[in-house]
>>> print(open('work_14.cif').read())   # mmCIF, C-alpha atoms
data_coords
loop_
_atom_site.group_PDB
_atom_site.id
_atom_site.type_symbol
_atom_site.label_atom_id
_atom_site.label_comp_id
_atom_site.auth_asym_id
_atom_site.auth_seq_id
_atom_site.Cartn_x
_atom_site.Cartn_y
_atom_site.Cartn_z
ATOM 1 C CA MET W 1 17.926 13.950 19.390
ATOM 2 C CA GLU W 2 19.835 14.409 16.161
ATOM 3 C CA LEU W 3 18.199 13.584 12.845
ATOM 4 C CA ARG W 4 20.189 13.199 9.638
ATOM 5 C CA PHE W 5 18.400 14.352 6.484
ATOM 6 C CA THR W 6 19.008 14.787 2.767
ATOM 7 C CA LYS W 7 17.656 17.743 0.801
ATOM 8 C CA MET W 8 16.609 16.719 -2.725
ATOM 9 C CA HIS W 9 14.542 18.157 -5.551
ATOM 10 C CA GLY W 10 12.906 17.082 -8.776
ATOM 11 C CA CYS W 11 12.171 19.878 -11.246
ATOM 12 C CA GLY W 12 12.547 22.373 -8.372
ATOM 13 C CA ASN W 13 9.978 20.587 -6.172
ATOM 14 C CA ASP W 14 12.129 20.314 -3.031
ATOM 15 C CA TYR W 15 11.609 18.019 -0.054
ATOM 16 C CA ILE W 16 13.579 16.980 3.009
ATOM 17 C CA TYR W 17 14.174 13.227 3.017
ATOM 18 C CA PHE W 18 14.666 10.926 5.997
ATOM 19 C CA ASN W 19 15.919 7.355 5.877
ATOM 20 C CA GLY W 20 13.306 5.491 7.893
ATOM 21 C CA PHE W 21 15.184 2.219 7.461
ATOM 22 C CA ASP W 22 17.668 3.482 10.071
ATOM 23 C CA LEU W 23 15.480 5.475 12.481
ATOM 24 C CA GLU W 24 11.897 6.096 13.516
ATOM 25 C CA ILE W 25 10.568 9.598 12.930
ATOM 26 C CA GLN W 26 8.221 10.784 15.675
ATOM 27 C CA SER W 27 5.459 13.302 14.838
ATOM 28 C CA PRO W 28 6.308 13.745 11.126
ATOM 29 C CA GLU W 29 3.440 16.239 10.770
ATOM 30 C CA THR W 30 5.024 18.613 13.285
ATOM 31 C CA LEU W 31 8.485 18.000 11.873
ATOM 32 C CA SER W 32 7.335 18.921 8.379
ATOM 33 C CA VAL W 33 5.881 22.236 9.518
ATOM 34 C CA ARG W 34 9.054 23.091 11.423
ATOM 35 C CA LEU W 35 11.574 22.106 8.752
ATOM 36 C CA SER W 36 9.688 23.364 5.694
ATOM 37 C CA ASP W 37 9.897 26.976 6.873
ATOM 38 C CA ARG W 38 12.395 28.693 4.594
ATOM 39 C CA HIS W 39 13.468 31.220 7.239
ATOM 40 C CA THR W 40 13.712 29.233 10.467
ATOM 41 C CA GLY W 41 13.953 25.671 9.111
ATOM 42 C CA VAL W 42 15.722 23.852 6.309
ATOM 43 C CA GLY W 43 13.237 25.048 3.707
ATOM 44 C CA GLY W 44 11.155 22.817 1.455
ATOM 45 C CA ASP W 45 7.726 21.876 0.178
ATOM 46 C CA GLY W 46 7.512 19.248 2.921
ATOM 47 C CA ILE W 47 9.245 16.100 4.134
ATOM 48 C CA VAL W 48 9.455 12.567 2.735
ATOM 49 C CA LEU W 49 10.019 9.436 4.819
ATOM 50 C CA ILE W 50 11.748 6.528 3.055
ATOM 51 C CA LEU W 51 10.529 3.405 4.855
ATOM 52 C CA PRO W 52 10.709 -0.390 4.637
ATOM 53 C CA PRO W 53 7.868 -1.889 2.568
ATOM 54 C CA ARG W 54 4.923 -3.423 4.372
ATOM 55 C CA GLY W 55 5.019 -6.539 2.185
ATOM 56 C CA GLY W 56 7.025 -8.241 -0.511
ATOM 57 C CA ALA W 57 5.399 -6.410 -3.442
ATOM 58 C CA ALA W 58 7.585 -3.297 -3.176
ATOM 59 C CA ASP W 59 11.232 -2.430 -2.560
ATOM 60 C CA ALA W 60 10.446 0.500 -0.256
ATOM 61 C CA ARG W 61 7.632 2.703 0.988
ATOM 62 C CA MET W 62 7.322 6.478 1.083
ATOM 63 C CA ARG W 63 5.218 8.876 3.121
ATOM 64 C CA ILE W 64 4.885 12.530 2.093
ATOM 65 C CA PHE W 65 3.940 15.394 4.392
ATOM 66 C CA ASN W 66 3.145 18.854 3.043
ATOM 67 C CA ALA W 67 4.497 22.075 4.492
ATOM 68 C CA ASP W 68 1.332 22.463 6.608
ATOM 69 C CA GLY W 69 1.765 18.978 8.102
ATOM 70 C CA SER W 70 -0.990 17.279 6.100
ATOM 71 C CA GLU W 71 -0.144 13.935 4.512
ATOM 72 C CA ALA W 72 -0.287 13.532 0.733
ATOM 73 C CA GLN W 73 -1.181 10.362 -1.103
ATOM 74 C CA MET W 74 1.490 10.640 -3.768
ATOM 75 C CA CYS W 75 4.248 12.927 -5.063
ATOM 76 C CA GLY W 76 5.499 12.451 -8.603
ATOM 77 C CA ASN W 77 8.664 14.491 -8.142
ATOM 78 C CA GLY W 78 9.293 13.081 -4.676
ATOM 79 C CA ILE W 79 9.073 9.455 -5.737
ATOM 80 C CA ARG W 80 11.807 9.985 -8.349
ATOM 81 C CA CYS W 81 14.055 11.361 -5.624
ATOM 82 C CA VAL W 82 13.243 8.390 -3.394
ATOM 83 C CA ALA W 83 14.322 6.081 -6.224
ATOM 84 C CA LYS W 84 17.564 8.047 -6.587
ATOM 85 C CA TYR W 85 18.227 7.878 -2.841
ATOM 86 C CA LEU W 86 17.654 4.116 -2.766
ATOM 87 C CA TYR W 87 19.850 3.436 -5.789
ATOM 88 C CA ASP W 88 22.670 5.886 -5.036
ATOM 89 C CA ASN W 89 22.981 4.584 -1.475
ATOM 90 C CA GLY W 90 23.032 0.943 -2.553
ATOM 91 C CA MET W 91 19.744 0.131 -0.814
ATOM 92 C CA VAL W 92 18.143 -1.003 -4.089
ATOM 93 C CA THR W 93 20.639 -2.049 -6.746
ATOM 94 C CA LYS W 94 18.303 -2.595 -9.706
ATOM 95 C CA GLU W 95 17.279 0.061 -12.226
ATOM 96 C CA ARG W 96 13.600 -0.921 -12.146
ATOM 97 C CA MET W 97 12.061 -0.709 -8.678
ATOM 98 C CA ARG W 98 8.667 -0.563 -6.993
ATOM 99 C CA ILE W 99 7.777 1.954 -4.300
ATOM 100 C CA GLU W 100 4.673 1.857 -2.129
ATOM 101 C CA THR W 101 2.661 5.060 -1.572
ATOM 102 C CA LEU W 102 -0.759 5.866 -0.122
ATOM 103 C CA GLY W 103 -1.900 6.096 -3.740
ATOM 104 C CA GLY W 104 -0.700 2.569 -4.530
ATOM 105 C CA ILE W 105 2.523 0.901 -5.629
ATOM 106 C CA ARG W 106 4.385 2.715 -8.386
ATOM 107 C CA GLU W 107 7.061 1.275 -10.679
ATOM 108 C CA ILE W 108 10.085 3.455 -11.439
ATOM 109 C CA LEU W 109 12.756 2.982 -14.088
ATOM 110 C CA VAL W 110 15.897 4.989 -13.335
ATOM 111 C CA THR W 111 18.538 6.278 -15.730
ATOM 112 C CA THR W 112 22.096 6.478 -14.410
ATOM 113 C CA GLN W 113 25.187 8.502 -15.238
ATOM 114 C CA GLY W 114 28.490 7.649 -13.574
ATOM 115 C CA GLY W 115 26.764 5.145 -11.323
ATOM 116 C CA ARG W 116 24.216 7.636 -9.972
ATOM 117 C CA VAL W 117 20.614 8.292 -10.951
ATOM 118 C CA SER W 118 20.082 11.365 -13.121
ATOM 119 C CA ASP W 119 16.401 10.976 -13.995
ATOM 120 C CA ALA W 120 13.588 8.481 -13.746
ATOM 121 C CA ARG W 121 10.382 7.385 -15.442
ATOM 122 C CA VAL W 122 7.410 6.670 -13.188
ATOM 123 C CA ASP W 123 4.403 4.523 -14.023
ATOM 124 C CA MET W 124 1.755 6.684 -12.370
ATOM 125 C CA GLY W 125 -1.061 4.179 -12.913
ATOM 126 C CA LYS W 126 -4.373 4.941 -14.566
ATOM 127 C CA ALA W 127 -5.872 8.413 -14.490
ATOM 128 C CA VAL W 128 -9.093 8.567 -12.467
ATOM 129 C CA LEU W 129 -11.919 10.665 -13.957
ATOM 130 C CA SER W 130 -14.892 9.624 -11.807
ATOM 131 C CA PRO W 131 -16.001 12.613 -9.671
ATOM 132 C CA GLY W 132 -16.761 10.395 -6.674
ATOM 133 C CA LEU W 133 -13.260 8.945 -6.658
ATOM 134 C CA ILE W 134 -11.293 12.157 -7.234
ATOM 135 C CA PRO W 135 -13.312 13.454 -5.214
ATOM 136 C CA VAL W 136 -15.282 16.426 -6.524
ATOM 137 C CA ASN W 137 -18.898 17.261 -5.686
ATOM 138 C CA LEU W 138 -20.230 17.379 -9.235
ATOM 139 C CA PRO W 139 -22.562 14.964 -11.062
ATOM 140 C CA GLY W 140 -21.751 12.814 -14.079
ATOM 141 C CA ASP W 141 -19.206 10.214 -15.093
ATOM 142 C CA SER W 142 -16.461 12.817 -15.490
ATOM 143 C CA VAL W 143 -15.771 16.541 -15.136
ATOM 144 C CA ILE W 144 -14.287 17.767 -18.420
ATOM 145 C CA ASN W 145 -14.290 21.472 -19.311
ATOM 146 C CA ARG W 146 -17.150 21.966 -16.808
ATOM 147 C CA PRO W 147 -18.056 25.601 -15.979
ATOM 148 C CA VAL W 148 -18.079 26.269 -12.217
ATOM 149 C CA THR W 149 -18.129 29.396 -10.085
ATOM 150 C CA ILE W 150 -15.217 29.846 -7.685
ATOM 151 C CA GLY W 151 -14.460 33.098 -5.888
ATOM 152 C CA GLY W 152 -17.176 34.905 -7.827
ATOM 153 C CA ALA W 153 -15.724 34.035 -11.257
ATOM 154 C CA THR W 154 -16.467 31.262 -13.765
ATOM 155 C CA TYR W 155 -13.817 28.700 -14.682
ATOM 156 C CA ALA W 156 -13.997 25.678 -16.990
ATOM 157 C CA ILE W 157 -12.360 22.909 -14.965
ATOM 158 C CA THR W 158 -11.276 19.386 -15.817
ATOM 159 C CA CYS W 159 -10.867 17.143 -12.765
ATOM 160 C CA VAL W 160 -8.410 14.252 -12.659
ATOM 161 C CA SER W 161 -6.798 12.143 -9.969
ATOM 162 C CA THR W 162 -3.290 10.903 -10.682
ATOM 163 C CA GLY W 163 -2.686 9.746 -7.117
ATOM 164 C CA ASN W 164 -3.751 13.186 -5.828
ATOM 165 C CA PRO W 165 -6.892 15.161 -6.774
ATOM 166 C CA HIS W 166 -6.455 17.932 -9.349
ATOM 167 C CA ALA W 167 -8.585 20.589 -11.015
ATOM 168 C CA VAL W 168 -7.101 21.853 -14.300
ATOM 169 C CA THR W 169 -8.064 25.141 -15.941
ATOM 170 C CA PHE W 170 -6.769 26.258 -19.340
ATOM 171 C CA CYS W 171 -5.983 29.928 -19.791
ATOM 172 C CA GLU W 172 -4.226 32.342 -22.140
ATOM 173 C CA ASP W 173 -1.371 33.644 -19.965
ATOM 174 C CA VAL W 174 -0.382 31.723 -16.828
ATOM 175 C CA ASP W 175 2.292 34.262 -15.913
ATOM 176 C CA ALA W 176 -0.312 37.001 -15.496
ATOM 177 C CA LEU W 177 -2.424 35.070 -12.971
ATOM 178 C CA ASP W 178 -2.673 36.151 -9.354
ATOM 179 C CA LEU W 179 -2.151 32.591 -8.158
ATOM 180 C CA PRO W 180 -1.662 33.485 -4.461
ATOM 181 C CA CYS W 181 -5.246 34.791 -4.599
ATOM 182 C CA LEU W 182 -6.790 32.155 -6.869
ATOM 183 C CA GLY W 183 -5.069 29.127 -5.373
ATOM 184 C CA PRO W 184 -6.638 29.254 -1.885
ATOM 185 C CA GLN W 185 -10.070 29.917 -3.430
ATOM 186 C CA PHE W 186 -9.817 26.656 -5.371
ATOM 187 C CA GLU W 187 -8.097 24.657 -2.630
ATOM 188 C CA SER W 188 -10.784 25.200 0.004
ATOM 189 C CA ASN W 189 -13.869 25.429 -2.208
ATOM 190 C CA ALA W 190 -16.836 23.280 -1.154
ATOM 191 C CA LEU W 191 -16.687 21.490 -4.520
ATOM 192 C CA PHE W 192 -13.623 19.654 -3.266
ATOM 193 C CA PRO W 193 -14.321 17.780 -0.010
ATOM 194 C CA GLU W 194 -10.672 16.784 0.487
ATOM 195 C CA ARG W 195 -9.280 20.083 -0.844
ATOM 196 C CA ILE W 196 -7.714 20.223 -4.291
ATOM 197 C CA ASN W 197 -4.480 20.805 -6.140
ATOM 198 C CA THR W 198 -5.172 23.260 -8.925
ATOM 199 C CA GLU W 199 -3.292 23.827 -12.168
ATOM 200 C CA PHE W 200 -3.587 26.717 -14.585
ATOM 201 C CA VAL W 201 -2.297 25.668 -17.980
ATOM 202 C CA GLU W 202 -1.347 27.566 -21.111
ATOM 203 C CA VAL W 203 -1.180 25.655 -24.405
ATOM 204 C CA LEU W 204 2.066 26.623 -26.152
ATOM 205 C CA GLY W 205 1.734 24.192 -29.045
ATOM 206 C CA ARG W 206 0.642 20.696 -29.934
ATOM 207 C CA ASN W 207 1.849 18.480 -27.072
ATOM 208 C CA HIS W 208 3.536 21.421 -25.326
ATOM 209 C CA LEU W 209 2.086 22.972 -22.152
ATOM 210 C CA LYS W 210 3.093 25.597 -19.607
ATOM 211 C CA MET W 211 1.744 25.176 -16.083
ATOM 212 C CA ARG W 212 1.555 26.876 -12.709
ATOM 213 C CA VAL W 213 0.340 24.935 -9.712
ATOM 214 C CA TRP W 214 -1.156 25.625 -6.308
ATOM 215 C CA GLU W 215 -0.744 22.539 -4.116
ATOM 216 C CA ARG W 216 -3.047 21.872 -1.202
ATOM 217 C CA GLY W 217 -1.046 22.240 1.972
ATOM 218 C CA SER W 218 1.996 23.799 0.296
ATOM 219 C CA GLY W 219 0.835 26.731 -1.847
ATOM 220 C CA GLU W 220 2.515 27.565 -5.151
ATOM 221 C CA THR W 221 5.442 25.268 -5.836
ATOM 222 C CA GLN W 222 8.159 25.153 -8.484
ATOM 223 C CA ALA W 223 6.681 21.950 -9.891
ATOM 224 C CA CYS W 224 4.162 19.200 -9.211
ATOM 225 C CA GLY W 225 4.575 15.784 -10.813
ATOM 226 C CA THR W 226 1.019 14.552 -10.312
ATOM 227 C CA GLY W 227 -0.185 17.998 -11.426
ATOM 228 C CA ALA W 228 1.836 17.805 -14.639
ATOM 229 C CA CYS W 229 0.309 14.385 -15.273
ATOM 230 C CA ALA W 230 -3.203 15.675 -14.580
ATOM 231 C CA SER W 231 -2.605 18.652 -16.890
ATOM 232 C CA ALA W 232 -1.436 16.403 -19.721
ATOM 233 C CA VAL W 233 -4.450 14.115 -19.247
ATOM 234 C CA ALA W 234 -6.768 17.136 -19.230
ATOM 235 C CA ALA W 235 -5.089 18.496 -22.360
ATOM 236 C CA VAL W 236 -5.694 15.206 -24.185
ATOM 237 C CA LEU W 237 -9.320 15.094 -23.038
ATOM 238 C CA ASN W 238 -9.846 18.681 -24.228
ATOM 239 C CA GLY W 239 -8.188 18.086 -27.611
ATOM 240 C CA HIS W 240 -5.001 20.108 -27.032
ATOM 241 C CA CYS W 241 -2.613 17.136 -27.005
ATOM 242 C CA ASP W 242 -2.421 13.667 -28.559
ATOM 243 C CA ARG W 243 -3.001 10.488 -26.579
ATOM 244 C CA GLY W 244 0.111 8.312 -26.616
ATOM 245 C CA ALA W 245 2.426 11.220 -27.437
ATOM 246 C CA ASP W 246 5.146 12.717 -25.234
ATOM 247 C CA VAL W 247 3.662 15.897 -23.781
ATOM 248 C CA ARG W 248 6.203 18.484 -22.594
ATOM 249 C CA VAL W 249 4.996 20.297 -19.486
ATOM 250 C CA GLY W 250 6.986 23.421 -18.630
ATOM 251 C CA LEU W 251 7.008 24.483 -14.980
ATOM 252 C CA ILE W 252 8.801 27.152 -12.986
ATOM 253 C CA GLY W 253 11.445 24.616 -11.938
ATOM 254 C CA GLY W 254 11.991 22.883 -15.271
ATOM 255 C CA GLU W 255 10.219 20.468 -17.595
ATOM 256 C CA LEU W 256 8.514 17.098 -17.207
ATOM 257 C CA VAL W 257 7.507 14.732 -20.001
ATOM 258 C CA VAL W 258 4.154 12.972 -19.655
ATOM 259 C CA ARG W 259 2.576 10.273 -21.810
ATOM 260 C CA TYR W 260 -1.124 9.384 -21.488
ATOM 261 C CA ARG W 261 -1.559 6.034 -23.183
ATOM 262 C CA GLU W 262 -4.576 4.414 -24.823
ATOM 263 C CA ASP W 263 -5.039 2.131 -21.808
ATOM 264 C CA GLU W 264 -5.354 5.310 -19.648
ATOM 265 C CA THR W 265 -2.025 4.647 -17.911
ATOM 266 C CA VAL W 266 0.131 7.727 -17.330
ATOM 267 C CA PHE W 267 3.934 7.764 -17.487
ATOM 268 C CA MET W 268 6.050 10.680 -16.275
ATOM 269 C CA THR W 269 9.762 11.286 -16.828
ATOM 270 C CA GLY W 270 11.898 13.920 -15.108
ATOM 271 C CA ASP W 271 15.117 14.741 -13.286
ATOM 272 C CA CYS W 272 16.060 14.150 -9.649
ATOM 273 C CA HIS W 273 18.866 15.813 -7.706
ATOM 274 C CA LYS W 274 20.554 15.630 -4.333
ATOM 275 C CA VAL W 275 21.212 19.116 -2.954
ATOM 276 C CA PHE W 276 22.938 18.468 0.382
ATOM 277 C CA GLU W 277 22.954 16.396 3.551
ATOM 278 C CA GLY W 278 22.633 17.740 7.085
ATOM 279 C CA VAL W 279 21.964 16.991 10.721
ATOM 280 C CA MET W 280 19.325 18.763 12.793
ATOM 281 C CA GLU W 281 18.671 18.768 16.506
ATOM 282 C CA TYR W 282 15.090 17.883 17.315
ATOM 283 C CA GLU W 283 13.439 18.004 20.718
#
>>> encode(input="work_14.cif", output="structure tokens")
Amino acid sequence: MELRFTKMHGCGNDYIYFNGFDLEIQSPETLSVRLSDRHTGVGGDGIVLILPPRGGAADARMRIFNADGSEAQMCGNGIRCVAKYLYDNGMVTKERMRIETLGGIREILVTTQGGRVSDARVDMGKAVLSPGLIPVNLPGDSVINRPVTIGGATYAITCVSTGNPHAVTFCEDVDALDLPCLGPQFESNALFPERINTEFVEVLGRNHLKMRVWERGSGETQACGTGACASAVAAVLNGHCDRGADVRVGLIGGELVVRYREDETVFMTGDCHKVFEGVMEYE
């Protein structure tokens, strides 16, 4: 059968999008592995299905599958692209919309130029700090700047869930890190029963961060929206950034702006782009 797709990216975090309003995608896990390959497939960090909502509380629903076929709860960059797809294609005609994810319903406010969405602000909900809910196998009410041993070395981690679980470590020079070595050590460590997304963050100035990310199921990516949010939350909790301020998070693929408010709600703003459309043959 032939499947029509749209390649999109937010801050360099690229996914392959399918309109599930028009067709039913069989075996999305297998499809994601096949298409995400950058040599024999389309190339991407995974696939995103744009689906009808399951109730009247949302305008649409999204499912996200990583490059290894595992399903993610939430994708901060992906949800902005879903909002752009819905608006640009006339499927949702309002600038404020609600999209259902495995991590809950998220509200998105889009900004348009020439009748098309250029960027969007996402209400990411409240940051989760409880170890049992993240989850992370450590005691206490929260894990903030907690020394742990991973891969034979000691790291001070701060654990946050912003729809996905994250472990944030602050360091002096993120560019010098051997992330292809460190990332898998964090991802599959026994501390994290559902694996972990890990961020290494350099503080460039007050409310200005630089981040590299290793995503569970995808490896190092150009950007991670939930990771940028988790890094900003961790930076506030560790005294590097101000609560309620716009925190600039620089990534390989660009920059996201995150605000961690007094009520613990996190807002993220960033770009969203359509790259191309295509048709693939799928057996």
>>> closest_residue(input="work_14.cif", among="W:Gly76, W:Gly12, W:Gly217, W:Gly140", to="Val257 (chain W)", atoms="all atoms listed in the file")
W:Gly76
>>> resolve_selection(input="work_14.cif", expression="the PyMOL selection byres ((chain W and resi 145-152) around 12)", output="NGL selection string")
:W and (131 or 136-140 or 142-144 or 153-160 or 167-171 or 181-192 or 234-239)
>>> closest_atom_pairs(input="work_14.cif", of="region 27-110 of chain W", to="region 260-268 of chain W", cutoff="10 Å", atoms="only C-alpha atoms", output="JSON lines")
{"residue": "W:Gly76", "atom": "CA", "partner": "W:Met268", "partner_atom": "CA", "distance": 7.9}
{"residue": "W:Asn77", "atom": "CA", "partner": "W:Met268", "partner_atom": "CA", "distance": 9.4}
{"residue": "W:Arg80", "atom": "CA", "partner": "W:Met268", "partner_atom": "CA", "distance": 9.8}
{"residue": "W:Glu107", "atom": "CA", "partner": "W:Phe267", "partner_atom": "CA", "distance": 9.9}
{"residue": "W:Ile108", "atom": "CA", "partner": "W:Met268", "partner_atom": "CA", "distance": 9.6}
>>> atom_distance(input="work_14.cif", atom1="CA of Asp246 (chain W)", atom2="CA of Asp119 (chain W)")
16.0 Å
>>> closest_residue(input="work_14.cif", among="W:His273, W:Arg243, W:Lys84, W:Arg38", to="Cys11 (chain W)", atoms="all atoms listed in the file")
W:His273
>>> resolve_selection(input="work_14.cif", expression="the PyMOL selection byres ((chain W and resi 281) around 7)", output="list in words")
Met1, Glu2, Leu3, Val279, Met280, Tyr282 and Glu283 of chain W
>>> resolve_selection(input="work_14.cif", expression="the PyMOL selection byres ((chain W and resi 223) around 6)", output="VMD selection string")
chain W and resid 13 221 to 222 224 251 253
>>> closest_residue(input="work_14.cif", among="W:Pro28, W:Asp22, W:Arg98, W:Ser118", to="Lys274 (chain W)", atoms="all atoms listed in the file")
W:Ser118
>>> atom_distance(input="work_14.cif", atom1="CA of Ala72 (chain W)", atom2="CA of Glu255 (chain W)")
22.2 Å
>>> atom_distance(input="work_14.cif", atom1="CA of Thr226 (chain W)", atom2="CA of Arg106 (chain W)")
12.5 Å
>>> build_atoms(input="work_14.cif", residues="region 252-266 of chain W", atoms="N, CA, C and O atoms", output="PDB file, keeping the file's coordinate frame")
ATOM      1  N   ILE W 252       7.834  26.168 -13.452  1.00  0.00           N
ATOM      2  CA  ILE W 252       8.801  27.152 -12.986  1.00  0.00           C
ATOM      3  C   ILE W 252      10.169  26.512 -12.782  1.00  0.00           C
ATOM      4  O   ILE W 252      11.204  27.090 -13.111  1.00  0.00           O
ATOM      5  N   GLY W 253      10.187  25.274 -12.273  1.00  0.00           N
ATOM      6  CA  GLY W 253      11.445  24.616 -11.938  1.00  0.00           C
ATOM      7  C   GLY W 253      12.062  23.781 -13.037  1.00  0.00           C
ATOM      8  O   GLY W 253      13.116  23.178 -12.822  1.00  0.00           O
ATOM      9  N   GLY W 254      11.435  23.695 -14.196  1.00  0.00           N
ATOM     10  CA  GLY W 254      11.991  22.883 -15.271  1.00  0.00           C
ATOM     11  C   GLY W 254      10.903  22.276 -16.126  1.00  0.00           C
ATOM     12  O   GLY W 254       9.818  22.851 -16.283  1.00  0.00           O
ATOM     13  N   GLU W 255      11.158  21.096 -16.672  1.00  0.00           N
ATOM     14  CA  GLU W 255      10.219  20.468 -17.595  1.00  0.00           C
ATOM     15  C   GLU W 255      10.065  18.989 -17.279  1.00  0.00           C
ATOM     16  O   GLU W 255      11.031  18.282 -16.979  1.00  0.00           O
ATOM     17  N   LEU W 256       8.833  18.510 -17.336  1.00  0.00           N
ATOM     18  CA  LEU W 256       8.514  17.098 -17.207  1.00  0.00           C
ATOM     19  C   LEU W 256       7.894  16.614 -18.511  1.00  0.00           C
ATOM     20  O   LEU W 256       7.274  17.395 -19.247  1.00  0.00           O
ATOM     21  N   VAL W 257       8.080  15.330 -18.800  1.00  0.00           N
ATOM     22  CA  VAL W 257       7.507  14.732 -20.001  1.00  0.00           C
ATOM     23  C   VAL W 257       6.481  13.695 -19.559  1.00  0.00           C
ATOM     24  O   VAL W 257       6.790  12.791 -18.771  1.00  0.00           O
ATOM     25  N   VAL W 258       5.263  13.835 -20.065  1.00  0.00           N
ATOM     26  CA  VAL W 258       4.154  12.972 -19.655  1.00  0.00           C
ATOM     27  C   VAL W 258       3.563  12.297 -20.887  1.00  0.00           C
ATOM     28  O   VAL W 258       3.383  12.932 -21.935  1.00  0.00           O
ATOM     29  N   ARG W 259       3.244  11.018 -20.739  1.00  0.00           N
ATOM     30  CA  ARG W 259       2.576  10.273 -21.810  1.00  0.00           C
ATOM     31  C   ARG W 259       1.313   9.634 -21.246  1.00  0.00           C
ATOM     32  O   ARG W 259       1.370   8.880 -20.280  1.00  0.00           O
ATOM     33  N   TYR W 260       0.177   9.937 -21.879  1.00  0.00           N
ATOM     34  CA  TYR W 260      -1.124   9.384 -21.488  1.00  0.00           C
ATOM     35  C   TYR W 260      -1.511   8.362 -22.542  1.00  0.00           C
ATOM     36  O   TYR W 260      -1.897   8.708 -23.649  1.00  0.00           O
ATOM     37  N   ARG W 261      -1.420   7.094 -22.198  1.00  0.00           N
ATOM     38  CA  ARG W 261      -1.559   6.034 -23.183  1.00  0.00           C
ATOM     39  C   ARG W 261      -3.017   5.663 -23.433  1.00  0.00           C
ATOM     40  O   ARG W 261      -3.923   6.072 -22.707  1.00  0.00           O
ATOM     41  N   GLU W 262      -3.225   4.839 -24.458  1.00  0.00           N
ATOM     42  CA  GLU W 262      -4.576   4.414 -24.823  1.00  0.00           C
ATOM     43  C   GLU W 262      -5.245   3.624 -23.711  1.00  0.00           C
ATOM     44  O   GLU W 262      -6.469   3.664 -23.566  1.00  0.00           O
ATOM     45  N   ASP W 263      -4.458   2.903 -22.908  1.00  0.00           N
ATOM     46  CA  ASP W 263      -5.039   2.131 -21.808  1.00  0.00           C
ATOM     47  C   ASP W 263      -5.268   2.979 -20.561  1.00  0.00           C
ATOM     48  O   ASP W 263      -5.558   2.452 -19.487  1.00  0.00           O
ATOM     49  N   GLU W 264      -5.123   4.309 -20.698  1.00  0.00           N
ATOM     50  CA  GLU W 264      -5.354   5.310 -19.648  1.00  0.00           C
ATOM     51  C   GLU W 264      -4.237   5.358 -18.607  1.00  0.00           C
ATOM     52  O   GLU W 264      -4.330   6.095 -17.633  1.00  0.00           O
ATOM     53  N   THR W 265      -3.170   4.585 -18.800  1.00  0.00           N
ATOM     54  CA  THR W 265      -2.025   4.647 -17.911  1.00  0.00           C
ATOM     55  C   THR W 265      -1.197   5.890 -18.225  1.00  0.00           C
ATOM     56  O   THR W 265      -1.056   6.289 -19.390  1.00  0.00           O
ATOM     57  N   VAL W 266      -0.653   6.499 -17.190  1.00  0.00           N
ATOM     58  CA  VAL W 266       0.131   7.727 -17.330  1.00  0.00           C
ATOM     59  C   VAL W 266       1.586   7.447 -16.941  1.00  0.00           C
ATOM     60  O   VAL W 266       1.855   6.861 -15.886  1.00  0.00           O
TER      61      VAL W 266
END
